[in-house]
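Q: Below is the file protein.pdb, which contains PDB, C-alpha atoms.
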ATOM      1  CA  MET A   1      -0.525  24.615 -70.036
ATOM      2  CA  ASN A   2      -0.724  27.691 -72.264
ATOM      3  CA  LYS A   3      -2.761  29.623 -69.692
ATOM      4  CA  ARG A   4      -1.061  30.160 -66.354
ATOM      5  CA  PRO A   5      -2.737  32.962 -64.358
ATOM      6  CA  ARG A   6      -0.027  32.635 -61.718
ATOM      7  CA  ARG A   7       2.460  34.305 -64.090
ATOM      8  CA  ASN A   8       0.706  37.586 -63.324
ATOM      9  CA  ARG A   9       1.090  36.993 -59.583
ATOM     10  CA  LYS A  10       4.789  36.057 -59.449
ATOM     11  CA  SER A  11       6.137  39.390 -58.140
ATOM     12  CA  ALA A  12       4.933  42.442 -56.248
ATOM     13  CA  VAL A  13       5.711  44.638 -59.261
ATOM     14  CA  ILE A  14       3.606  42.551 -61.649
ATOM     15  CA  ARG A  15       0.802  42.190 -59.118
ATOM     16  CA  GLY A  16       0.787  45.980 -58.774
ATOM     17  CA  MET A  17       0.599  46.525 -62.532
ATOM     18  CA  VAL A  18      -2.423  44.254 -62.990
ATOM     19  CA  GLU A  19      -4.213  45.297 -59.797
ATOM     20  CA  GLU A  20      -7.863  45.969 -60.627
ATOM     21  CA  THR A  21      -8.947  47.929 -57.539
ATOM     22  CA  ARG A  22      -6.936  50.571 -55.720
ATOM     23  CA  LEU A  23      -7.642  52.501 -52.554
ATOM     24  CA  SER A  24      -6.654  56.124 -52.089
ATOM     25  CA  VAL A  25      -6.975  58.565 -49.199
ATOM     26  CA  LYS A  26      -9.109  60.569 -51.639
ATOM     27  CA  ASP A  27     -11.789  57.871 -51.388
ATOM     28  CA  PHE A  28     -12.497  58.526 -47.702
ATOM     29  CA  ILE A  29     -14.752  60.581 -45.506
ATOM     30  CA  PHE A  30     -13.749  60.379 -41.836
ATOM     31  CA  PRO A  31     -16.714  60.322 -39.401
ATOM     32  CA  ILE A  32     -15.800  62.263 -36.271
ATOM     33  CA  PHE A  33     -17.615  63.105 -33.022
ATOM     34  CA  VAL A  34     -17.855  66.507 -31.366
ATOM     35  CA  ILE A  35     -18.953  67.415 -27.820
ATOM     36  CA  ASP A  36     -19.497  70.662 -25.968
ATOM     37  CA  GLY A  37     -16.801  72.135 -23.757
ATOM     38  CA  THR A  38     -13.070  72.827 -23.901
ATOM     39  CA  ASN A  39     -10.020  70.548 -23.847
ATOM     40  CA  LYS A  40     -12.138  67.387 -23.832
ATOM     41  CA  LYS A  41     -11.162  64.109 -25.468
ATOM     42  CA  GLU A  42     -13.211  61.054 -24.524
ATOM     43  CA  GLU A  43     -12.571  57.619 -26.011
ATOM     44  CA  VAL A  44     -15.665  55.744 -27.171
ATOM     45  CA  ALA A  45     -15.502  52.571 -25.069
ATOM     46  CA  SER A  46     -16.853  50.317 -27.810
ATOM     47  CA  MET A  47     -14.711  51.898 -30.565
ATOM     48  CA  PRO A  48     -11.010  51.627 -29.648
ATOM     49  CA  GLY A  49      -9.034  54.571 -31.002
ATOM     50  CA  ILE A  50     -12.102  56.725 -31.710
ATOM     51  CA  TYR A  51     -12.813  59.783 -29.578
ATOM     52  CA  ARG A  52     -15.336  62.513 -28.887
ATOM     53  CA  TYR A  53     -13.619  65.904 -29.135
ATOM     54  CA  SER A  54     -14.475  69.374 -27.889
ATOM     55  CA  ILE A  55     -14.194  71.941 -30.676
ATOM     56  CA  ASP A  56     -10.643  73.057 -29.811
ATOM     57  CA  LEU A  57      -9.317  69.483 -29.928
ATOM     58  CA  LEU A  58     -11.475  68.639 -32.934
ATOM     59  CA  LEU A  59      -9.581  71.296 -34.871
ATOM     60  CA  LYS A  60      -6.266  69.670 -33.941
ATOM     61  CA  GLU A  61      -7.497  66.230 -34.993
ATOM     62  CA  ILE A  62      -8.747  67.553 -38.315
ATOM     63  CA  GLU A  63      -5.447  69.325 -38.910
ATOM     64  CA  GLU A  64      -3.593  66.040 -38.347
ATOM     65  CA  CYS A  65      -5.885  64.274 -40.804
ATOM     66  CA  MET A  66      -5.542  67.031 -43.393
ATOM     67  CA  ASN A  67      -1.755  66.701 -43.207
ATOM     68  CA  LEU A  68      -2.177  62.977 -43.924
ATOM     69  CA  GLY A  69      -4.312  63.689 -46.987
ATOM     70  CA  VAL A  70      -7.756  63.048 -45.505
ATOM     71  CA  LYS A  71      -9.748  66.124 -46.539
ATOM     72  CA  ALA A  72     -13.403  65.146 -45.961
ATOM     73  CA  PHE A  73     -15.102  64.798 -42.577
ATOM     74  CA  ASP A  74     -18.589  63.824 -41.431
ATOM     75  CA  ILE A  75     -19.152  65.541 -38.087
ATOM     76  CA  PHE A  76     -21.626  64.068 -35.579
ATOM     77  CA  PRO A  77     -22.677  65.731 -32.306
ATOM     78  CA  ALA A  78     -23.076  64.052 -28.913
ATOM     79  CA  TYR A  79     -25.598  65.908 -26.743
ATOM     80  CA  PRO A  80     -26.473  65.434 -23.070
ATOM     81  CA  GLU A  81     -30.057  64.480 -22.177
ATOM     82  CA  ASN A  82     -30.859  67.957 -20.853
ATOM     83  CA  LYS A  83     -30.453  69.337 -24.377
ATOM     84  CA  LYS A  84     -32.883  66.862 -25.936
ATOM     85  CA  ASP A  85     -36.630  67.196 -26.464
ATOM     86  CA  LYS A  86     -39.440  65.651 -28.468
ATOM     87  CA  TYR A  87     -38.956  67.974 -31.435
ATOM     88  CA  ALA A  88     -35.135  68.137 -31.550
ATOM     89  CA  SER A  89     -35.296  71.896 -31.021
ATOM     90  CA  GLU A  90     -31.600  72.139 -30.222
ATOM     91  CA  SER A  91     -30.731  70.944 -33.749
ATOM     92  CA  HIS A  92     -31.495  74.342 -35.279
ATOM     93  CA  ASN A  93     -30.636  76.582 -32.323
ATOM     94  CA  PRO A  94     -28.151  79.111 -33.788
ATOM     95  CA  GLU A  95     -26.157  79.051 -30.546
ATOM     96  CA  THR A  96     -25.816  75.278 -30.303
ATOM     97  CA  PHE A  97     -22.264  73.914 -30.147
ATOM     98  CA  TYR A  98     -22.699  71.644 -33.192
ATOM     99  CA  LEU A  99     -23.381  74.553 -35.514
ATOM    100  CA  GLN A 100     -20.523  76.456 -33.891
ATOM    101  CA  ALA A 101     -18.263  73.470 -34.545
ATOM    102  CA  ILE A 102     -19.211  73.327 -38.231
ATOM    103  CA  HIS A 103     -18.551  77.049 -38.610
ATOM    104  CA  LYS A 104     -15.233  76.892 -36.761
ATOM    105  CA  VAL A 105     -13.950  73.904 -38.727
ATOM    106  CA  LYS A 106     -14.949  75.347 -42.087
ATOM    107  CA  SER A 107     -13.551  78.806 -41.331
ATOM    108  CA  THR A 108     -10.273  77.298 -40.061
ATOM    109  CA  PHE A 109      -9.939  74.796 -42.899
ATOM    110  CA  PRO A 110     -11.832  76.241 -45.884
ATOM    111  CA  GLU A 111     -10.237  73.637 -48.156
ATOM    112  CA  ALA A 112     -11.785  70.777 -46.149
ATOM    113  CA  CYS A 113     -15.064  69.174 -47.193
ATOM    114  CA  ILE A 114     -17.496  69.154 -44.290
ATOM    115  CA  MET A 115     -20.449  66.780 -44.229
ATOM    116  CA  THR A 116     -23.152  66.972 -41.571
ATOM    117  CA  ASP A 117     -25.829  64.669 -40.221
ATOM    118  CA  VAL A 118     -29.513  65.486 -40.708
ATOM    119  CA  ALA A 119     -31.623  63.365 -38.350
ATOM    120  CA  MET A 120     -33.437  63.947 -35.103
ATOM    121  CA  ASP A 121     -31.974  61.159 -32.983
ATOM    122  CA  PRO A 122     -28.936  63.022 -31.517
ATOM    123  CA  TYR A 123     -31.313  65.723 -30.233
ATOM    124  CA  SER A 124     -34.453  63.690 -29.576
ATOM    125  CA  SER A 125     -35.610  62.709 -26.097
ATOM    126  CA  ASP A 126     -37.204  59.681 -27.806
ATOM    127  CA  GLY A 127     -33.978  58.636 -29.549
ATOM    128  CA  HIS A 128     -35.700  58.265 -32.914
ATOM    129  CA  ASP A 129     -34.986  59.864 -36.279
ATOM    130  CA  GLY A 130     -38.476  61.368 -36.393
ATOM    131  CA  ILE A 131     -41.212  62.806 -34.224
ATOM    132  CA  VAL A 132     -42.879  60.106 -32.130
ATOM    133  CA  GLU A 133     -46.611  60.134 -31.423
ATOM    134  CA  ASP A 134     -48.381  57.178 -29.810
ATOM    135  CA  GLY A 135     -45.474  54.919 -30.693
ATOM    136  CA  LYS A 136     -45.469  55.886 -34.383
ATOM    137  CA  ILE A 137     -42.891  57.908 -36.281
ATOM    138  CA  LEU A 138     -44.559  60.826 -38.051
ATOM    139  CA  ASN A 139     -43.119  61.251 -41.524
ATOM    140  CA  ASP A 140     -44.343  64.567 -42.908
ATOM    141  CA  GLU A 141     -44.185  66.460 -39.614
ATOM    142  CA  THR A 142     -40.582  65.319 -39.221
ATOM    143  CA  LEU A 143     -39.631  66.859 -42.574
ATOM    144  CA  GLU A 144     -40.251  70.343 -41.177
ATOM    145  CA  VAL A 145     -37.704  69.761 -38.419
ATOM    146  CA  LEU A 146     -35.200  68.260 -40.853
ATOM    147  CA  GLY A 147     -35.602  71.267 -43.147
ATOM    148  CA  LYS A 148     -34.761  73.702 -40.358
ATOM    149  CA  MET A 149     -31.803  71.541 -39.368
ATOM    150  CA  ALA A 150     -30.419  71.352 -42.915
ATOM    151  CA  VAL A 151     -30.680  75.101 -43.497
ATOM    152  CA  ALA A 152     -28.969  75.833 -40.168
ATOM    153  CA  GLN A 153     -26.128  73.460 -41.035
ATOM    154  CA  ALA A 154     -25.730  74.990 -44.494
ATOM    155  CA  GLN A 155     -25.595  78.462 -42.977
ATOM    156  CA  ALA A 156     -22.898  77.239 -40.587
ATOM    157  CA  GLY A 157     -20.745  76.134 -43.529
ATOM    158  CA  ALA A 158     -21.621  72.549 -44.423
ATOM    159  CA  ASP A 159     -20.575  71.467 -47.907
ATOM    160  CA  ILE A 160     -22.666  68.278 -47.896
ATOM    161  CA  ILE A 161     -25.681  67.455 -45.763
ATOM    162  CA  GLY A 162     -26.378  63.810 -45.011
ATOM    163  CA  PRO A 163     -30.029  63.028 -44.296
ATOM    164  CA  SER A 164     -29.819  59.735 -42.378
ATOM    165  CA  ASP A 165     -33.417  59.677 -41.162
ATOM    166  CA  MET A 166     -35.044  57.552 -43.904
ATOM    167  CA  MET A 167     -38.251  59.589 -43.980
ATOM    168  CA  ASP A 168     -40.106  59.436 -47.297
ATOM    169  CA  GLY A 169     -39.809  62.554 -49.469
ATOM    170  CA  ARG A 170     -37.056  64.157 -47.444
ATOM    171  CA  ILE A 171     -34.620  64.707 -50.324
ATOM    172  CA  ALA A 172     -37.084  66.843 -52.284
ATOM    173  CA  TYR A 173     -38.114  68.695 -49.107
ATOM    174  CA  LEU A 174     -34.512  69.432 -48.120
ATOM    175  CA  ARG A 175     -33.463  70.396 -51.643
ATOM    176  CA  ASN A 176     -36.277  72.919 -51.756
ATOM    177  CA  ALA A 177     -35.482  74.244 -48.273
ATOM    178  CA  LEU A 178     -31.809  74.684 -49.148
ATOM    179  CA  ASP A 179     -32.483  76.308 -52.502
ATOM    180  CA  THR A 180     -35.088  78.755 -51.240
ATOM    181  CA  ASN A 181     -32.728  79.839 -48.457
ATOM    182  CA  GLY A 182     -29.827  80.575 -50.775
ATOM    183  CA  HIS A 183     -27.892  77.327 -50.461
ATOM    184  CA  LYS A 184     -28.108  75.940 -53.985
ATOM    185  CA  GLU A 185     -24.446  74.904 -53.889
ATOM    186  CA  VAL A 186     -24.831  72.673 -50.812
ATOM    187  CA  SER A 187     -24.870  69.003 -51.806
ATOM    188  CA  ILE A 188     -27.081  66.222 -50.486
ATOM    189  CA  MET A 189     -25.657  62.777 -49.791
ATOM    190  CA  SER A 190     -28.744  60.703 -49.215
ATOM    191  CA  TYR A 191     -28.674  57.665 -46.969
ATOM    192  CA  THR A 192     -30.510  55.892 -49.768
ATOM    193  CA  ALA A 193     -30.352  52.314 -48.520
ATOM    194  CA  LYS A 194     -29.976  52.496 -44.748
ATOM    195  CA  TYR A 195     -30.798  49.156 -43.223
ATOM    196  CA  ALA A 196     -32.229  48.364 -39.781
ATOM    197  CA  SER A 197     -28.948  46.815 -38.754
ATOM    198  CA  GLY A 198     -27.382  45.387 -35.634
ATOM    199  CA  PHE A 199     -24.036  46.943 -36.631
ATOM    200  CA  TYR A 200     -24.904  50.412 -35.286
ATOM    201  CA  ASN A 201     -24.603  49.855 -31.538
ATOM    202  CA  PRO A 202     -21.125  51.344 -30.976
ATOM    203  CA  PHE A 203     -22.203  54.503 -32.827
ATOM    204  CA  ARG A 204     -25.234  54.809 -30.579
ATOM    205  CA  ASP A 205     -22.904  54.450 -27.613
ATOM    206  CA  ALA A 206     -20.809  57.294 -29.002
ATOM    207  CA  LEU A 207     -23.799  59.622 -29.253
ATOM    208  CA  ASP A 208     -25.999  58.111 -26.535
ATOM    209  CA  SER A 209     -28.758  58.141 -29.143
ATOM    210  CA  ALA A 210     -30.412  54.717 -28.905
ATOM    211  CA  PRO A 211     -34.235  54.671 -29.100
ATOM    212  CA  LYS A 212     -35.876  54.932 -25.693
ATOM    213  CA  ALA A 213     -38.656  52.610 -26.878
ATOM    214  CA  GLY A 214     -39.289  50.414 -29.896
ATOM    215  CA  ASP A 215     -36.915  50.159 -32.844
ATOM    216  CA  LYS A 216     -36.310  51.763 -36.225
ATOM    217  CA  LYS A 217     -37.741  49.038 -38.428
ATOM    218  CA  THR A 218     -40.705  51.091 -39.680
ATOM    219  CA  TYR A 219     -38.383  53.531 -41.436
ATOM    220  CA  GLN A 220     -35.017  51.832 -41.932
ATOM    221  CA  MET A 221     -34.896  49.075 -44.542
ATOM    222  CA  ASP A 222     -35.353  45.356 -43.934
ATOM    223  CA  PRO A 223     -31.985  43.536 -44.234
ATOM    224  CA  ALA A 224     -33.766  40.837 -46.259
ATOM    225  CA  ASN A 225     -34.539  43.240 -49.119
ATOM    226  CA  LEU A 226     -32.255  43.970 -52.049
ATOM    227  CA  HIS A 227     -34.383  45.365 -54.860
ATOM    228  CA  GLU A 228     -36.249  47.702 -52.527
ATOM    229  CA  ALA A 229     -33.013  49.715 -52.601
ATOM    230  CA  LEU A 230     -33.728  50.471 -56.269
ATOM    231  CA  ILE A 231     -37.052  52.053 -55.295
ATOM    232  CA  GLU A 232     -35.292  54.284 -52.772
ATOM    233  CA  ALA A 233     -32.550  55.111 -55.275
ATOM    234  CA  GLU A 234     -34.999  56.066 -58.014
ATOM    235  CA  LEU A 235     -36.843  58.389 -55.631
ATOM    236  CA  ASP A 236     -33.682  59.991 -54.252
ATOM    237  CA  GLU A 237     -32.235  60.623 -57.686
ATOM    238  CA  ALA A 238     -35.486  62.149 -58.949
ATOM    239  CA  GLU A 239     -35.791  64.312 -55.837
ATOM    240  CA  GLY A 240     -32.332  65.829 -56.274
ATOM    241  CA  ALA A 241     -29.731  63.772 -54.391
ATOM    242  CA  ASP A 242     -26.132  64.392 -55.458
ATOM    243  CA  PHE A 243     -24.733  61.172 -53.944
ATOM    244  CA  MET A 244     -26.372  57.971 -52.725
ATOM    245  CA  MET A 245     -25.193  55.964 -49.753
ATOM    246  CA  VAL A 246     -25.497  52.357 -48.646
ATOM    247  CA  LYS A 247     -25.283  51.710 -44.896
ATOM    248  CA  PRO A 248     -23.823  49.423 -43.521
ATOM    249  CA  ALA A 249     -21.200  48.433 -46.077
ATOM    250  CA  LEU A 250     -19.698  44.986 -45.525
ATOM    251  CA  ALA A 251     -22.929  43.025 -45.082
ATOM    252  CA  TYR A 252     -24.467  44.912 -48.036
ATOM    253  CA  LEU A 253     -21.831  44.750 -50.763
ATOM    254  CA  ASP A 254     -24.475  43.393 -53.127
ATOM    255  CA  VAL A 255     -26.551  46.535 -52.559
ATOM    256  CA  ILE A 256     -23.555  48.745 -53.342
ATOM    257  CA  ARG A 257     -23.040  46.835 -56.589
ATOM    258  CA  LEU A 258     -26.750  47.016 -57.466
ATOM    259  CA  LEU A 259     -26.906  50.801 -57.048
ATOM    260  CA  LYS A 260     -23.640  51.253 -58.916
ATOM    261  CA  GLU A 261     -24.996  49.325 -61.885
ATOM    262  CA  ASN A 262     -28.313  51.192 -61.931
ATOM    263  CA  SER A 263     -27.359  54.815 -61.324
ATOM    264  CA  ASN A 264     -24.893  57.341 -62.673
ATOM    265  CA  LEU A 265     -24.692  59.138 -59.341
ATOM    266  CA  PRO A 266     -21.606  58.598 -57.161
ATOM    267  CA  ILE A 267     -22.168  55.806 -54.644
ATOM    268  CA  ALA A 268     -20.971  56.085 -51.056
ATOM    269  CA  ALA A 269     -20.803  53.294 -48.510
ATOM    270  CA  TYR A 270     -20.669  53.686 -44.744
ATOM    271  CA  ASN A 271     -18.239  51.253 -43.115
ATOM    272  CA  VAL A 272     -20.113  51.527 -39.834
ATOM    273  CA  SER A 273     -19.106  51.412 -36.183
ATOM    274  CA  GLY A 274     -19.889  47.725 -35.641
ATOM    275  CA  GLU A 275     -17.778  46.742 -38.628
ATOM    276  CA  TYR A 276     -14.907  48.814 -37.236
ATOM    277  CA  SER A 277     -15.278  47.530 -33.678
ATOM    278  CA  MET A 278     -15.376  43.853 -34.672
ATOM    279  CA  ILE A 279     -12.053  44.121 -36.458
ATOM    280  CA  LYS A 280     -10.486  46.112 -33.634
ATOM    281  CA  ALA A 281     -11.717  43.712 -30.946
ATOM    282  CA  ALA A 282     -10.563  40.618 -32.813
ATOM    283  CA  GLY A 283      -7.202  42.269 -33.418
ATOM    284  CA  GLU A 284      -6.796  43.050 -29.728
ATOM    285  CA  LYS A 285      -7.545  39.409 -28.935
ATOM    286  CA  GLY A 286      -4.931  38.274 -31.423
ATOM    287  CA  TRP A 287      -7.519  36.363 -33.414
ATOM    288  CA  LEU A 288      -6.686  38.112 -36.677
ATOM    289  CA  ASP A 289      -4.302  40.651 -38.172
ATOM    290  CA  SER A 290      -6.449  43.772 -37.805
ATOM    291  CA  GLU A 291      -4.394  45.876 -40.221
ATOM    292  CA  ARG A 292      -4.585  43.265 -42.961
ATOM    293  CA  VAL A 293      -8.308  42.684 -42.422
ATOM    294  CA  MET A 294      -8.957  46.439 -42.375
ATOM    295  CA  LEU A 295      -7.319  46.826 -45.777
ATOM    296  CA  GLU A 296      -9.095  43.768 -47.186
ATOM    297  CA  SER A 297     -12.458  45.037 -45.943
ATOM    298  CA  LEU A 298     -11.968  48.532 -47.342
ATOM    299  CA  LEU A 299     -10.805  47.082 -50.650
ATOM    300  CA  SER A 300     -13.939  44.930 -50.850
ATOM    301  CA  ILE A 301     -16.137  48.011 -50.433
ATOM    302  CA  LYS A 302     -14.304  49.799 -53.229
ATOM    303  CA  ARG A 303     -14.366  46.683 -55.418
ATOM    304  CA  ALA A 304     -18.134  46.383 -54.944
ATOM    305  CA  GLY A 305     -18.528  49.804 -56.564
ATOM    306  CA  ALA A 306     -18.287  52.500 -53.897
ATOM    307  CA  ASN A 307     -16.781  55.770 -55.085
ATOM    308  CA  ILE A 308     -16.675  57.106 -51.521
ATOM    309  CA  ILE A 309     -16.116  55.263 -48.236
ATOM    310  CA  LEU A 310     -17.117  56.691 -44.883
ATOM    311  CA  SER A 311     -14.928  54.849 -42.428
ATOM    312  CA  TYR A 312     -13.493  55.171 -38.928
ATOM    313  CA  PHE A 313     -10.387  53.580 -40.453
ATOM    314  CA  ALA A 314      -9.745  56.628 -42.677
ATOM    315  CA  LYS A 315      -6.974  58.145 -40.553
ATOM    316  CA  GLU A 316      -5.377  54.760 -39.870
ATOM    317  CA  PHE A 317      -5.387  53.991 -43.600
ATOM    318  CA  ALA A 318      -3.815  57.371 -44.349
ATOM    319  CA  LEU A 319      -1.057  56.768 -41.801
ATOM    320  CA  LEU A 320      -0.143  53.536 -43.602
ATOM    321  CA  GLN A 321       0.362  55.446 -46.854
ATOM    322  CA  LYS A 322       3.075  57.641 -45.330
TER     323      LYS A 322
END
Do you think you could lay out the structure here as structure tokens?
A:
Amino acid sequence: MNKRPRRNRKSAVIRGMVEETRLSVKDFIFPIFVIDGTNKKEEVASMPGIYRYSIDLLLKEIEECMNLGVKAFDIFPAYPENKKDKYASESHNPETFYLQAIHKVKSTFPEACIMTDVAMDPYSSDGHDGIVEDGKILNDETLEVLGKMAVAQAQAGADIIGPSDMMDGRIAYLRNALDTNGHKEVSIMSYTAKYASGFYNPFRDALDSAPKAGDKKTYQMDPANLHEALIEAELDEAEGADFMMVKPALAYLDVIRLLKENSNLPIAAYNVSGEYSMIKAAGEKGWLDSERVMLESLLSIKRAGANIILSYFAKEFALLQK
């Protein structure tokens, strides 16, 4: 045989030289949860190793991550029910702890990249990403709330805002709101192809943000649809998105590849809570090598075409590089 592919696999050195896809700590954004109060650290029951932090402890966690080389963070707030209402009013309250957290993190670590979440569900008494009337999610009325939220987050110090709501037209609305309020440098990472997925449950546990009634299928995408993602991508790019995201990641690698091949914008993928928790749970049971499967899963996301990976494994990956 003249052709023997195994010759390029015979040693670790040769395998390293011909390796086609490589992961780096620079690829990651670490999603992290913040709560009100002081000296609080609460483990998310369905996400082993992931915690909700009060602002003082959040700063310590971010410092640890920065020292490991993880420099980008997506901060999500967990609010009690008494702070929620139909119109997510707390989301743009200047005194709210989430905006204080963004400001404190950015002022303490100016070199960090801070991403924020733009959606109503953490603040909504209905648990939906938009205003609910008679069981329907109101699109255009929701944009007004999202605009106030995005401007407040930008004023607090956000580098990137992440509209995760899946309302039509929100990228153009938010871009205009940011620009007219003096935040032309703030980026938008659109949740371009966010699917109505069963992989989100641990995240909803972390924020206590599950819908009180109905589901999110009228605004999040149908898992059966691939090319519909191109429609969303075309709109987001035209409306001014700086990055496009696919969520979840592992069950939608084909969508990541499709967007990568059809857009020049950087593509992000969210390795979501359910994907994290499955690997952790199986590892705890001894059913698989969780470290090996973590690395294989992250590599598959990068190989599919993601420039950026949002993952709860970011810190764990960084620790392995030391």
Q: Would you kindly translate the PyMOL selection byres ((chain A and resi 244-246) around 9) into the concrete residues it picks from this file, as a PyMOL selection string?
A: chain A and resi 188-195+229+233+236-237+241-243+247-249+252-253+255-256+259+265-270+306+308
Q: I'd like to know which of A:Ala318, A:Met1, A:Cys65, A:Met221 is closest to Ala196 of chain A, using all atoms listed in the file.
A: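 Between A:Ala318, A:Met1, A:Cys65, A:Met221, the residue approaching Ala196 of chain A most closely is A:Met221.
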Q: Take every atom of segment 276-293 of chain A listed in the file, pad by 5 Å on each side, and give me the axis-aligned box centre and edge lengths in Å, one decimal, as lines of an AutoDock Vina configuration file.
A:
center_x = -9.8
center_y = 42.6
center_z = -35.9
size_x = 21.1
size_y = 22.5
size_z = 24.0
Q: Under the PyMOL selection byres ((chain A and resi 93-101) around 10), which residues of this model are included? Write them out as number ranges by chain.
A: A: 33-37, 54-56, 58-59, 75-79, 83, 88-92, 102-107, 116, 148-149, 152-158
Q: Starting from the PyMOL selection byres ((chain A and resi 276-293) around 12), expand the selection into actual residues of this file and give them as a PyMOL selection string.
A: chain A and resi 31+44-50+199-203+205+248-250+270-275+294-300+310-314+316-317+319-320
Q: For the residues selected in the previous step, produce a file with C-alpha atoms as an mmCIF file, in the frame of the given file.
A:
data_model
loop_
_atom_site.group_PDB
_atom_site.id
_atom_site.type_symbol
_atom_site.label_atom_id
_atom_site.label_comp_id
_atom_site.auth_asym_id
_atom_site.auth_seq_id
_atom_site.Cartn_x
_atom_site.Cartn_y
_atom_site.Cartn_z
ATOM 1 C CA PRO A 31 -16.714 60.322 -39.401
ATOM 2 C CA VAL A 44 -15.665 55.744 -27.171
ATOM 3 C CA ALA A 45 -15.502 52.571 -25.069
ATOM 4 C CA SER A 46 -16.853 50.317 -27.810
ATOM 5 C CA MET A 47 -14.711 51.898 -30.565
ATOM 6 C CA PRO A 48 -11.010 51.627 -29.648
ATOM 7 C CA GLY A 49 -9.034 54.571 -31.002
ATOM 8 C CA ILE A 50 -12.102 56.725 -31.710
ATOM 9 C CA PHE A 199 -24.036 46.943 -36.631
ATOM 10 C CA TYR A 200 -24.904 50.412 -35.286
ATOM 11 C CA ASN A 201 -24.603 49.855 -31.538
ATOM 12 C CA PRO A 202 -21.125 51.344 -30.976
ATOM 13 C CA PHE A 203 -22.203 54.503 -32.827
ATOM 14 C CA ASP A 205 -22.904 54.450 -27.613
ATOM 15 C CA PRO A 248 -23.823 49.423 -43.521
ATOM 16 C CA ALA A 249 -21.200 48.433 -46.077
ATOM 17 C CA LEU A 250 -19.698 44.986 -45.525
ATOM 18 C CA TYR A 270 -20.669 53.686 -44.744
ATOM 19 C CA ASN A 271 -18.239 51.253 -43.115
ATOM 20 C CA VAL A 272 -20.113 51.527 -39.834
ATOM 21 C CA SER A 273 -19.106 51.412 -36.183
ATOM 22 C CA GLY A 274 -19.889 47.725 -35.641
ATOM 23 C CA GLU A 275 -17.778 46.742 -38.628
ATOM 24 C CA MET A 294 -8.957 46.439 -42.375
ATOM 25 C CA LEU A 295 -7.319 46.826 -45.777
ATOM 26 C CA GLU A 296 -9.095 43.768 -47.186
ATOM 27 C CA SER A 297 -12.458 45.037 -45.943
ATOM 28 C CA LEU A 298 -11.968 48.532 -47.342
ATOM 29 C CA LEU A 299 -10.805 47.082 -50.650
ATOM 30 C CA SER A 300 -13.939 44.930 -50.850
ATOM 31 C CA LEU A 310 -17.117 56.691 -44.883
ATOM 32 C CA SER A 311 -14.928 54.849 -42.428
ATOM 33 C CA TYR A 312 -13.493 55.171 -38.928
ATOM 34 C CA PHE A 313 -10.387 53.580 -40.453
ATOM 35 C CA ALA A 314 -9.745 56.628 -42.677
ATOM 36 C CA GLU A 316 -5.377 54.760 -39.870
ATOM 37 C CA PHE A 317 -5.387 53.991 -43.600
ATOM 38 C CA LEU A 319 -1.057 56.768 -41.801
ATOM 39 C CA LEU A 320 -0.143 53.536 -43.602
#
Q: Interatomic distance between atom CA of Gly162 of chain A and atom CA of Tyr219 of chain A?
A: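 Answer for the atom CA of Gly162 of chain A to atom CA of Tyr219 of chain A separation: 16.2 Å.
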